[in-house]
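For reference, run-v9.txt is printed below; it contains compact mmCIF, C-alpha atoms.
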# COMPACT_ATOMS: atom_id res chain seq x y z
CA MET H 1 27.71 -17.80 3.34
CA ILE H 2 26.45 -14.88 5.37
CA ILE H 3 23.07 -13.49 4.36
CA MET H 4 22.32 -9.79 4.68
CA THR H 5 18.74 -8.68 4.19
CA VAL H 6 16.28 -6.01 5.32
CA VAL H 7 12.63 -6.45 6.29
CA ASP H 8 9.66 -4.34 7.37
CA ASP H 9 7.45 -4.87 10.44
CA HIS H 10 5.79 -7.88 8.75
CA GLY H 11 8.93 -9.59 7.49
CA GLY H 12 8.32 -8.27 3.97
CA LEU H 13 11.03 -7.76 1.35
CA CYS H 14 9.32 -6.55 -1.83
CA PHE H 15 6.08 -5.29 -3.28
CA ASN H 16 5.27 -5.44 -7.00
CA GLN H 17 8.81 -6.66 -7.77
CA ARG H 18 10.30 -3.56 -6.17
CA ARG H 19 12.22 -3.24 -2.91
CA GLN H 20 10.14 -1.85 -0.08
CA SER H 21 12.67 0.80 0.80
CA GLN H 22 16.33 1.82 0.68
CA ASP H 23 18.72 3.88 2.77
CA ARG H 24 22.24 5.08 1.94
CA LYS H 25 23.40 4.75 5.55
CA LEU H 26 22.31 1.12 5.57
CA ARG H 27 24.38 0.51 2.44
CA GLN H 28 27.39 2.12 4.12
CA ARG H 29 26.87 -0.13 7.14
CA MET H 30 26.73 -3.26 4.97
CA LEU H 31 29.95 -2.29 3.20
CA GLU H 32 31.57 -1.61 6.57
CA ILE H 33 30.59 -5.08 7.84
CA ALA H 34 31.81 -6.83 4.69
CA GLY H 35 35.07 -4.87 4.51
CA THR H 36 37.47 -5.85 1.74
CA LYS H 37 35.64 -9.12 1.08
CA GLY H 38 32.84 -7.19 -0.60
CA ILE H 39 29.26 -8.30 -1.08
CA TRP H 40 27.63 -10.66 -3.58
CA MET H 41 24.31 -9.57 -5.05
CA ASP H 42 22.24 -9.55 -8.23
CA ALA H 43 22.17 -6.75 -10.80
CA TYR H 44 18.99 -5.25 -9.33
CA SER H 45 20.64 -4.71 -5.94
CA ALA H 46 23.98 -3.67 -7.45
CA SER H 47 22.32 -0.69 -9.14
CA MET H 48 22.13 0.93 -5.68
CA PHE H 49 25.83 0.45 -4.84
CA THR H 50 27.34 2.67 -7.51
CA GLU H 51 29.67 4.41 -5.05
CA ALA H 52 31.47 1.16 -4.14
CA ALA H 53 31.28 -0.88 -7.33
CA ASP H 54 34.78 -2.31 -6.79
CA ARG H 55 33.55 -4.21 -3.72
CA ILE H 56 30.36 -5.52 -5.29
CA HIS H 57 30.30 -8.96 -6.94
CA VAL H 58 27.38 -9.09 -9.34
CA ASP H 59 25.88 -12.41 -10.40
CA ASP H 60 22.20 -13.21 -10.73
CA ASP H 61 23.04 -16.75 -9.50
CA PHE H 62 25.10 -15.46 -6.57
CA LEU H 63 23.48 -17.71 -3.96
CA ASN H 64 24.87 -20.72 -5.81
CA GLN H 65 28.21 -19.03 -6.53
CA ALA H 66 29.02 -17.69 -3.04
CA GLY H 67 31.26 -19.79 -0.82
CA GLN H 68 31.94 -20.10 2.90
CA GLY H 69 32.25 -16.73 4.64
CA ASP H 70 31.03 -14.76 1.64
CA PHE H 71 28.54 -11.95 2.27
CA CYS H 72 25.36 -12.07 0.17
CA PHE H 73 22.80 -9.24 0.04
CA VAL H 74 19.35 -10.64 -0.68
CA GLU H 75 16.44 -8.36 -1.60
CA ASP H 76 14.17 -10.41 -3.81
CA LYS H 77 15.05 -14.08 -3.53
CA ALA H 78 14.05 -17.11 -1.50
CA VAL H 79 16.94 -18.25 0.71
CA LEU H 80 15.32 -21.26 2.35
CA PRO H 81 16.65 -23.64 -0.36
CA TYR H 82 20.17 -22.60 0.71
CA ALA H 83 19.54 -22.88 4.47
CA ASP H 84 22.14 -25.65 4.99
CA ARG H 85 24.88 -23.43 3.57
CA ILE H 86 23.98 -20.30 5.51
CA GLU H 87 26.36 -19.73 8.43
CA LYS H 88 24.97 -16.43 9.68
CA ILE H 89 22.09 -14.04 8.98
CA ILE H 90 22.48 -10.30 9.41
CA LEU H 91 18.92 -9.04 9.47
CA PHE H 92 18.17 -5.33 9.27
CA ARG H 93 14.75 -3.99 10.22
CA TRP H 94 13.23 -0.80 8.80
CA ASN H 95 10.95 -0.48 11.83
CA ARG H 96 8.22 0.65 9.43
CA ALA H 97 5.21 -1.06 7.84
CA TYR H 98 5.25 -1.25 4.05
CA PRO H 99 3.09 -3.23 1.61
CA SER H 100 4.61 -6.58 0.75
CA ASP H 101 3.98 -9.57 -1.48
CA MET H 102 7.33 -11.29 -0.94
CA TYR H 103 8.70 -12.19 2.48
CA PHE H 104 11.96 -13.33 4.07
CA ASP H 105 11.43 -17.09 4.12
CA ILE H 106 13.58 -18.28 7.02
CA THR H 107 11.85 -18.41 10.41
CA LEU H 108 14.33 -17.15 12.96
CA GLU H 109 13.67 -19.82 15.55
CA SER H 110 15.80 -22.78 16.66
CA PRO H 111 18.45 -23.57 15.47
CA TRP H 112 18.88 -19.84 14.81
CA ARG H 113 19.88 -17.77 17.83
CA LEU H 114 20.02 -13.99 18.15
CA GLN H 115 23.64 -13.13 18.98
CA GLU H 116 23.58 -9.35 18.95
CA SER H 117 21.30 -6.44 18.17
CA HIS H 118 21.69 -2.69 17.98
CA ASP H 119 19.98 0.34 16.42
CA PHE H 120 21.36 3.10 14.25
CA SER H 121 19.90 6.12 12.45
CA GLY H 122 19.39 5.90 8.72
CA PHE H 123 19.33 8.72 6.18
CA SER H 124 15.60 8.43 5.46
CA HIS H 125 14.67 6.10 8.33
CA ASP H 126 14.61 7.17 11.97
CA THR H 127 15.82 3.87 13.38
CA ILE H 128 17.21 0.83 11.63
CA THR H 129 17.82 -2.27 13.73
CA GLU H 130 20.68 -4.67 13.02
CA GLU H 131 20.34 -8.22 14.31
CA VAL H 132 22.87 -11.02 13.93
CA TYR H 133 21.64 -14.63 14.00
CA ALA H 134 23.83 -17.76 14.04
CA LYS H 135 23.13 -21.46 14.43
CA MET K 1 -60.68 -20.45 -25.95
CA ARG K 2 -57.33 -21.66 -27.30
CA HIS K 3 -56.52 -18.07 -28.28
CA LEU K 4 -57.42 -16.82 -24.79
CA THR K 5 -55.18 -19.50 -23.20
CA LYS K 6 -52.30 -18.40 -25.42
CA ILE K 7 -52.71 -14.76 -24.34
CA LEU K 8 -52.86 -15.79 -20.67
CA MET K 9 -49.66 -17.85 -21.08
CA VAL K 10 -47.83 -14.89 -22.60
CA LEU K 11 -49.03 -12.57 -19.81
CA LEU K 12 -47.97 -15.11 -17.17
CA LEU K 13 -44.53 -15.47 -18.73
CA ALA K 14 -44.08 -11.67 -18.86
CA PHE K 15 -45.15 -11.41 -15.19
CA CYS K 16 -42.62 -14.08 -14.19
CA LEU K 17 -39.84 -12.27 -16.07
CA ILE K 18 -40.66 -8.99 -14.29
CA LEU K 19 -40.65 -10.76 -10.90
CA THR K 20 -37.29 -12.41 -11.66
CA ALA K 21 -35.76 -9.11 -12.71
CA CYS K 22 -37.00 -7.37 -9.54
CA GLY K 23 -35.69 -10.18 -7.38
CA GLN K 24 -32.29 -9.95 -9.04
CA SER K 25 -32.23 -6.21 -8.60
CA GLN K 26 -33.03 -6.47 -4.89
CA LYS K 27 -30.39 -9.17 -4.40
CA THR K 28 -27.77 -7.05 -6.11
CA SER K 29 -28.51 -3.88 -4.18
CA SER K 30 -28.34 -5.65 -0.83
CA HIS K 31 -25.06 -7.38 -1.62
CA GLU K 32 -22.20 -6.24 0.61
CA ASN K 33 -20.20 -5.00 -2.34
CA GLN K 34 -22.97 -3.48 -4.36
CA VAL K 35 -22.61 -3.84 -8.09
CA GLN K 36 -22.69 -0.31 -9.31
CA ASN K 37 -20.51 1.85 -11.43
CA GLN K 38 -19.23 5.03 -9.92
CA THR K 39 -18.04 7.82 -12.11
CA VAL K 40 -15.21 9.77 -10.60
CA GLN K 41 -13.92 13.04 -11.95
CA VAL K 42 -10.21 13.61 -11.72
CA LYS K 43 -9.45 17.27 -12.08
CA GLY K 44 -7.58 17.85 -15.32
CA ASN K 45 -7.95 14.25 -16.41
CA LYS K 46 -10.35 12.28 -18.48
CA GLU K 47 -13.47 11.04 -16.75
CA GLU K 48 -13.06 7.49 -15.55
CA SER K 49 -15.41 4.90 -14.21
CA PHE K 50 -14.69 2.65 -11.26
CA ASP K 51 -16.62 -0.60 -11.24
CA LEU K 52 -16.98 -1.92 -7.69
CA SER K 53 -18.29 -5.21 -9.06
CA ASN K 54 -14.71 -6.01 -10.14
CA ILE K 55 -13.52 -5.79 -6.54
CA PRO K 56 -13.71 -9.06 -4.58
CA ALA K 57 -15.55 -8.97 -1.25
CA PHE K 58 -13.38 -8.11 1.75
CA SER K 59 -11.76 -11.29 3.03
CA GLY K 60 -9.45 -10.09 5.79
CA LYS K 61 -6.69 -8.59 3.65
CA PRO K 62 -6.58 -4.77 3.70
CA TYR K 63 -6.15 -4.26 -0.04
CA VAL K 64 -6.26 -5.90 -3.46
CA VAL K 65 -4.08 -5.14 -6.47
CA ILE K 66 -6.04 -3.78 -9.45
CA HIS K 67 -5.06 -3.26 -13.12
CA ASN K 68 -1.91 -5.35 -12.54
CA ASN K 69 -0.54 -2.65 -10.26
CA VAL K 70 -0.30 -0.23 -13.20
CA PRO K 71 -1.49 3.30 -12.33
CA ASP K 72 -3.06 5.62 -14.91
CA PHE K 73 -1.37 9.01 -15.00
CA PRO K 74 -1.30 11.34 -18.01
CA ASP K 75 2.10 11.91 -19.62
CA LYS K 76 1.74 15.68 -19.22
CA ASP K 77 1.94 15.28 -15.43
CA LYS K 78 5.13 13.21 -15.49
CA THR K 79 7.39 16.15 -14.68
CA LYS K 80 9.68 17.26 -11.86
CA LYS K 81 7.26 20.01 -10.87
CA SER K 82 5.40 19.42 -7.61
CA PHE K 83 1.65 20.08 -7.39
CA GLU K 84 -1.34 19.06 -5.31
CA ARG K 85 -5.02 19.17 -6.26
CA TYR K 86 -8.04 18.39 -4.14
CA SER K 87 -11.54 17.94 -5.56
CA GLU K 88 -14.48 20.09 -4.52
CA LEU K 89 -16.94 18.30 -2.23
CA ASP K 90 -20.02 17.02 -4.09
CA SER K 91 -23.64 17.84 -3.27
CA LEU K 92 -23.60 15.20 -0.51
CA GLY K 93 -20.46 16.71 1.03
CA ARG K 94 -18.26 13.85 -0.19
CA CYS K 95 -14.61 14.05 -1.17
CA GLY K 96 -13.38 13.30 -4.68
CA PRO K 97 -9.90 12.33 -5.88
CA ALA K 98 -6.86 13.93 -4.26
CA TYR K 99 -3.96 14.12 -6.70
CA ALA K 100 -0.38 15.29 -6.31
CA ASN K 101 3.08 15.17 -7.77
CA ILE K 102 4.90 14.88 -4.47
CA GLY K 103 8.39 16.23 -4.04
CA LYS K 104 10.32 17.00 -0.89
CA ASP K 105 9.12 20.60 -1.13
CA LEU K 106 5.53 19.54 -0.32
CA MET K 107 6.45 17.39 2.67
CA PRO K 108 5.89 18.62 6.24
CA THR K 109 8.48 20.46 8.23
CA LYS K 110 6.52 20.47 11.50
CA LYS K 111 4.24 18.15 13.47
CA ARG K 112 0.64 17.64 12.37
CA GLY K 113 -2.00 20.01 13.74
CA ALA K 114 -5.54 19.31 14.99
CA ILE K 115 -8.10 17.97 12.49
CA GLY K 116 -11.05 17.42 14.87
CA SER K 117 -12.99 20.37 13.48
CA VAL K 118 -13.67 18.51 10.21
CA LYS K 119 -16.77 16.28 9.98
CA PRO K 120 -16.43 14.22 6.77
CA SER K 121 -19.54 12.75 5.12
CA GLY K 122 -20.99 9.87 7.15
CA TRP K 123 -19.01 10.86 10.25
CA HIS K 124 -20.00 9.13 13.52
CA LEU K 125 -18.27 8.67 16.83
CA ALA K 126 -18.44 4.92 17.39
CA LYS K 127 -16.43 2.99 19.98
CA TYR K 128 -15.87 -0.76 20.12
CA ASP K 129 -13.70 -2.88 22.40
CA ASN K 130 -12.49 -4.97 19.47
CA VAL K 131 -11.13 -2.00 17.52
CA ASP K 132 -7.51 -0.90 17.98
CA GLY K 133 -7.73 2.44 19.80
CA LYS K 134 -11.47 1.81 20.40
CA TYR K 135 -12.75 4.33 17.82
CA LEU K 136 -14.13 2.72 14.67
CA TYR K 137 -13.73 5.81 12.49
CA ASN K 138 -10.74 8.03 11.89
CA ARG K 139 -10.69 11.27 9.96
CA CYS K 140 -8.70 9.62 7.26
CA HIS K 141 -6.40 11.72 5.06
CA LEU K 142 -6.66 10.86 1.38
CA ILE K 143 -3.11 12.10 0.88
CA GLY K 144 -1.39 11.45 4.20
CA TYR K 145 0.02 14.30 6.25
CA GLN K 146 3.55 12.91 5.91
CA LEU K 147 3.31 13.42 2.12
CA THR K 148 1.76 16.86 1.52
CA ALA K 149 1.44 18.36 5.03
CA GLU K 150 -2.32 18.93 4.70
CA ASN K 151 -3.93 19.36 8.11
CA ALA K 152 -7.66 20.05 8.47
CA ASN K 153 -8.48 20.24 4.77
CA PRO K 154 -12.08 18.93 4.38
CA LYS K 155 -11.35 18.08 0.72
CA ASN K 156 -8.71 15.63 1.92
CA LEU K 157 -10.45 13.89 4.84
CA ILE K 158 -12.95 11.03 4.66
CA THR K 159 -14.66 8.84 7.22
CA GLY K 160 -12.41 5.82 7.27
CA THR K 161 -12.10 2.88 9.61
CA ARG K 162 -9.09 2.49 11.84
CA TYR K 163 -8.24 -0.59 9.78
CA LEU K 164 -8.35 1.34 6.49
CA ASN K 165 -6.17 4.06 7.94
CA VAL K 166 -3.51 2.01 9.72
CA GLU K 167 -3.42 -1.43 8.09
CA GLY K 168 -4.51 -0.37 4.62
CA MET K 169 -3.28 3.08 3.62
CA LEU K 170 -0.38 3.81 5.96
CA PRO K 171 2.06 1.19 4.56
CA PHE K 172 1.69 2.66 1.05
CA GLU K 173 2.14 6.20 2.38
CA ASN K 174 5.25 5.11 4.29
CA MET K 175 6.74 3.52 1.19
CA VAL K 176 6.21 6.66 -0.90
CA ALA K 177 7.37 9.07 1.84
CA ASP K 178 10.59 7.18 2.56
CA TYR K 179 11.37 6.82 -1.16
CA ILE K 180 11.06 10.59 -1.69
CA LYS K 181 13.14 11.39 1.39
CA GLU K 182 15.88 9.02 0.26
CA THR K 183 16.02 9.85 -3.46
CA ASN K 184 14.71 13.44 -3.63
CA HIS K 185 12.63 12.23 -6.58
CA HIS K 186 8.96 12.98 -7.34
CA VAL K 187 6.06 10.57 -7.08
CA LEU K 188 2.74 11.02 -8.86
CA TYR K 189 0.16 10.00 -6.30
CA ARG K 190 -3.62 9.84 -6.43
CA VAL K 191 -6.14 8.62 -3.88
CA THR K 192 -9.74 8.28 -5.05
CA PRO K 193 -12.51 7.55 -2.55
CA ILE K 194 -14.98 5.09 -4.05
CA PHE K 195 -18.61 5.56 -3.06
CA SER K 196 -21.52 3.38 -4.10
CA GLY K 197 -24.57 5.35 -5.24
CA ASN K 198 -25.48 7.98 -2.64
CA ASP K 199 -23.59 6.36 0.22
CA LEU K 200 -21.99 8.80 2.61
CA VAL K 201 -19.15 6.48 3.58
CA ALA K 202 -16.71 5.24 0.94
CA ARG K 203 -16.44 1.50 0.26
CA GLY K 204 -12.72 1.99 -0.04
CA VAL K 205 -10.06 4.06 -1.76
CA GLN K 206 -8.10 3.51 -4.92
CA MET K 207 -4.42 4.35 -4.38
CA GLU K 208 -2.12 4.89 -7.35
CA ALA K 209 1.54 5.94 -7.43
CA TRP K 210 4.40 6.19 -9.93
CA SER K 211 7.93 7.52 -9.37
CA VAL K 212 8.77 10.12 -12.01
CA GLU K 213 12.55 10.41 -12.33
CA ASP K 214 13.12 6.64 -12.63
CA LYS K 215 9.92 6.02 -14.62
CA GLY K 216 8.26 3.80 -12.04
CA ALA K 217 11.31 1.67 -11.23
CA GLY K 218 11.18 2.73 -7.59
CA ILE K 219 7.45 3.15 -6.93
CA LYS K 220 4.58 1.74 -8.95
CA PHE K 221 1.25 0.53 -7.64
CA ASN K 222 -2.49 0.58 -8.17
CA VAL K 223 -4.56 -0.91 -5.36
CA PHE K 224 -8.04 -0.81 -3.88
CA VAL K 225 -7.97 -0.51 -0.09
CA TYR K 226 -11.11 -1.64 1.76
CA ASN K 227 -12.91 0.67 4.17
CA ASN K 228 -13.81 -2.26 6.38
CA GLN K 229 -13.19 -3.13 9.99
CA PRO K 230 -12.94 -6.80 10.98
CA GLY K 231 -15.72 -7.70 13.45
CA ILE K 232 -17.86 -4.65 12.62
CA THR K 233 -20.71 -4.27 10.12
CA ILE K 234 -20.98 -0.85 8.51
CA ASP K 235 -24.00 0.72 6.84
CA TYR K 236 -22.20 2.69 4.15
CA LYS K 237 -25.30 4.74 3.33
CA THR K 238 -25.25 6.46 6.72
CA GLY K 239 -22.10 5.46 8.58
CA ASN K 240 -24.07 3.59 11.24
CA SER K 241 -22.33 0.46 12.50
CA LYS K 242 -22.77 -2.55 14.75
CA LYS K 243 -20.68 -5.37 16.18
CA GLN K 244 -20.92 -8.61 14.23
Would you put the structure from the file into structure tokens?
Amino acid sequence: MIIMTVVDDHGGLCFNQRRQSQDRKLRQRMLEIAGTKGIWMDAYSASMFTEAADRIHVDDDFLNQAGQGDFCFVEDKAVLPYADRIEKIILFRWNRAYPSDMYFDITLESPWRLQESHDFSGFSHDTITEEVYAK
Amino acid sequence: MRHLTKILMVLLLAFCLILTACGQSQKTSSHENQVQNQTVQVKGNKEESFDLSNIPAFSGKPYVVIHNNVPDFPDKDKTKKSFERYSELDSLGRCGPAYANIGKDLMPTKKRGAIGSVKPSGWHLAKYDNVDGKYLYNRCHLIGYQLTAENANPKNLITGTRYLNVEGMLPFENMVADYIKETNHHVLYRVTPIFSGNDLVARGVQMEAWSVEDKGAGIKFNVFVYNNQPGITIDYKTGNSKKQ
């Protein structure tokens, strides 16, 4: 599976069981990357993707359900237990500091290698960075 | 003689009790996080008390969650109408709570102006090599400029450490600002400086926020952010400071 996630300057994901931030242009970019395959996610994340519901696969156990090559958007879950099954990580960065009490739990060191990186403008964020990591 | 001894024993016991009480009082008042209730007045709200003794001593994390992250806003303010209210300075020139229902209409449309003319209570120019940017104190907005576009408003600026400003308050401000920009919703937002006794420098600030249109689903927090600076000791009564 291919993990998509978004972190702040400290690797944070959530604070008080709420996402740190959101951006409609980031959602468009994720849908563009996933194409017709669509994206797996839980109900909390799916509530943001109302404009493309036909390409969203909602299952609160999606990390166990997703197979090889499936895109999974993770906002509020630990992914380390699934590390062996993760083929690629597409990490977006807000380039902002937010409060956080839950963090992305994979350290992007060996065997993970940064394959590509580029910036784009968000709707409510000046610069969002997209990084692709593979083993 | 037996009666006299009994009286002496009672007097001795009373003297010991007085000594013990004084000793306890002195110990408490010199404690870094002085145990003292502060009453803060929130304009238009009920009077509330903030008990600093419930706040753990600073241990290197910029904030602590209080009241399970549940803020306390009155139902009458949970509307889509923006407002901002700043408290009058007290007799010591100290700020009180700054309170707003922030919508996009209150947010800045131009870059921040100069604020150097304001001297908040306890203000000192103090430079240290181990402080980011050298200066220990910032003129610290209670409600950040990116939220309500307040420049040199003395009712909205306190003497705050660089650490309070950047590591403590800014991440919460960023979260609220970006949420409003993205959703065009409103966020009830209150920052209350917490002073101990007649101190001129706040021990910290209480920050509360709640997103209106989605009833707190997007933004909800209640935290105490420390006005500390790692490696520096601050005399909160005066604002004097020294390297540890």
- Query: What residues in chain K lie within 6 Å of chain H, counting all atoms listed in the file, written as an NGL selection string?
  - Reply: :K and (171 or 175 or 178 or 181-182)
- Item | Distance query H:Ile2 at most 7 Å, only C-alpha atoms, self and fewer than 3 positions along chain excluded, as a ChimeraX atom specification | /H:69-72,86-89
- Task: Show which residues sit within 10 Å of H:Gln65, as a PyMOL selection string. Count only C-alpha atoms, and ignore same-chain residues fewer than 5 positions away.
- Result: chain H and resi 1+40+59-60+70
- Message: Which residue is closest to H:Glu75? Choose from H:Ile128, H:Met102, H:Ile33, H:Leu108 and count all atoms listed in the file.
- Response: H:Met102
- Quick one: pull the distance between atom CA of K:Phe224 and atom CA of H:Val74, Å, one decimal.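 Atom-to-atom, atom CA of K:Phe224 and atom CA of H:Val74 are spaced 29.3 Å apart.
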- Task: Would you be able to write out as an MDAnalysis selection string which residues have an atom within 6 Å of (-6.9, 5.6, 2.8) in the file's coordinates, counting all atoms listed in the file?
- Result: chainID K and resid 142 164:165 169 205
Identify, on the basis of all atoms listed in the file, every residue whose closest approach to stretch 133-135 of chain K does not exceed 9 Å; exclude the query and any residue fewer than 6 positions from it along the same chain; express the result as a PDB file with C-alpha atoms, keeping the file's coordinate frame.
ATOM      1  CA  LEU K 125     -18.270   8.670  16.830  1.00  0.00           C
ATOM      2  CA  ALA K 126     -18.440   4.920  17.390  1.00  0.00           C
ATOM      3  CA  LYS K 127     -16.430   2.990  19.980  1.00  0.00           C
ATOM      4  CA  THR K 161     -12.100   2.880   9.610  1.00  0.00           C
ATOM      5  CA  ARG K 162      -9.090   2.490  11.840  1.00  0.00           C
TER       6      ARG K 162
END
Output stretch 55-75 of chain K as a compact mmCIF listing (two decimals), in the coordinates of the input, making sure N, CA, C and O atoms are there.
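The result, written out as result.txt:
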# COMPACT_ATOMS: atom_id res chain seq x y z
N ILE K 55 -14.30 -5.68 -7.78
CA ILE K 55 -13.52 -5.79 -6.54
C ILE K 55 -14.06 -6.97 -5.73
O ILE K 55 -15.25 -6.99 -5.40
N PRO K 56 -13.21 -7.93 -5.38
CA PRO K 56 -13.71 -9.06 -4.58
C PRO K 56 -14.15 -8.59 -3.20
O PRO K 56 -13.66 -7.57 -2.70
N ALA K 57 -15.08 -9.32 -2.60
CA ALA K 57 -15.55 -8.97 -1.25
C ALA K 57 -14.38 -9.01 -0.28
O ALA K 57 -13.43 -9.79 -0.46
N PHE K 58 -14.44 -8.17 0.74
CA PHE K 58 -13.38 -8.11 1.75
C PHE K 58 -13.22 -9.48 2.40
O PHE K 58 -14.20 -10.10 2.82
N SER K 59 -11.97 -9.95 2.46
CA SER K 59 -11.76 -11.29 3.03
C SER K 59 -10.64 -11.29 4.07
O SER K 59 -9.97 -12.28 4.26
N GLY K 60 -10.43 -10.15 4.72
CA GLY K 60 -9.45 -10.09 5.79
C GLY K 60 -8.09 -9.57 5.37
O GLY K 60 -7.19 -9.46 6.20
N LYS K 61 -7.92 -9.23 4.10
CA LYS K 61 -6.69 -8.59 3.65
C LYS K 61 -7.02 -7.13 3.34
O LYS K 61 -8.05 -6.86 2.72
N PRO K 62 -6.18 -6.19 3.80
CA PRO K 62 -6.58 -4.77 3.70
C PRO K 62 -6.71 -4.21 2.31
O PRO K 62 -7.36 -3.18 2.12
N TYR K 63 -6.08 -4.83 1.30
CA TYR K 63 -6.15 -4.26 -0.04
C TYR K 63 -6.09 -5.36 -1.10
O TYR K 63 -5.71 -6.50 -0.80
N VAL K 64 -6.47 -5.01 -2.32
CA VAL K 64 -6.26 -5.90 -3.46
C VAL K 64 -5.59 -5.09 -4.57
O VAL K 64 -5.83 -3.89 -4.72
N VAL K 65 -4.73 -5.77 -5.32
CA VAL K 65 -4.08 -5.14 -6.47
C VAL K 65 -5.10 -5.05 -7.61
O VAL K 65 -5.86 -6.00 -7.84
N ILE K 66 -5.16 -3.91 -8.29
CA ILE K 66 -6.04 -3.78 -9.45
C ILE K 66 -5.22 -3.34 -10.67
O ILE K 66 -4.14 -2.75 -10.52
N HIS K 67 -5.72 -3.61 -11.85
CA HIS K 67 -5.06 -3.26 -13.12
C HIS K 67 -3.58 -3.66 -13.12
O HIS K 67 -2.72 -2.87 -13.56
N ASN K 68 -3.29 -4.84 -12.58
CA ASN K 68 -1.91 -5.35 -12.54
C ASN K 68 -0.92 -4.38 -11.91
O ASN K 68 0.25 -4.33 -12.30
N ASN K 69 -1.41 -3.61 -10.96
CA ASN K 69 -0.54 -2.65 -10.26
C ASN K 69 -0.06 -1.50 -11.17
O ASN K 69 0.90 -0.81 -10.83
N VAL K 70 -0.72 -1.31 -12.29
CA VAL K 70 -0.30 -0.23 -13.20
C VAL K 70 -1.23 0.98 -12.98
O VAL K 70 -2.43 0.88 -13.20
N PRO K 71 -0.67 2.10 -12.53
CA PRO K 71 -1.49 3.30 -12.33
C PRO K 71 -1.75 4.00 -13.67
O PRO K 71 -1.09 3.70 -14.67
N ASP K 72 -2.69 4.94 -13.66
CA ASP K 72 -3.06 5.62 -14.91
C ASP K 72 -2.86 7.12 -14.75
O ASP K 72 -3.76 7.84 -14.33
N PHE K 73 -1.66 7.58 -15.07
CA PHE K 73 -1.37 9.01 -15.00
C PHE K 73 -1.09 9.55 -16.40
O PHE K 73 -0.43 8.89 -17.20
N PRO K 74 -1.55 10.76 -16.68
CA PRO K 74 -1.30 11.34 -18.01
C PRO K 74 0.17 11.73 -18.16
O PRO K 74 0.80 12.19 -17.20
N ASP K 75 0.69 11.59 -19.36
CA ASP K 75 2.10 11.91 -19.62
C ASP K 75 2.43 13.36 -19.26
O ASP K 75 3.53 13.66 -18.81
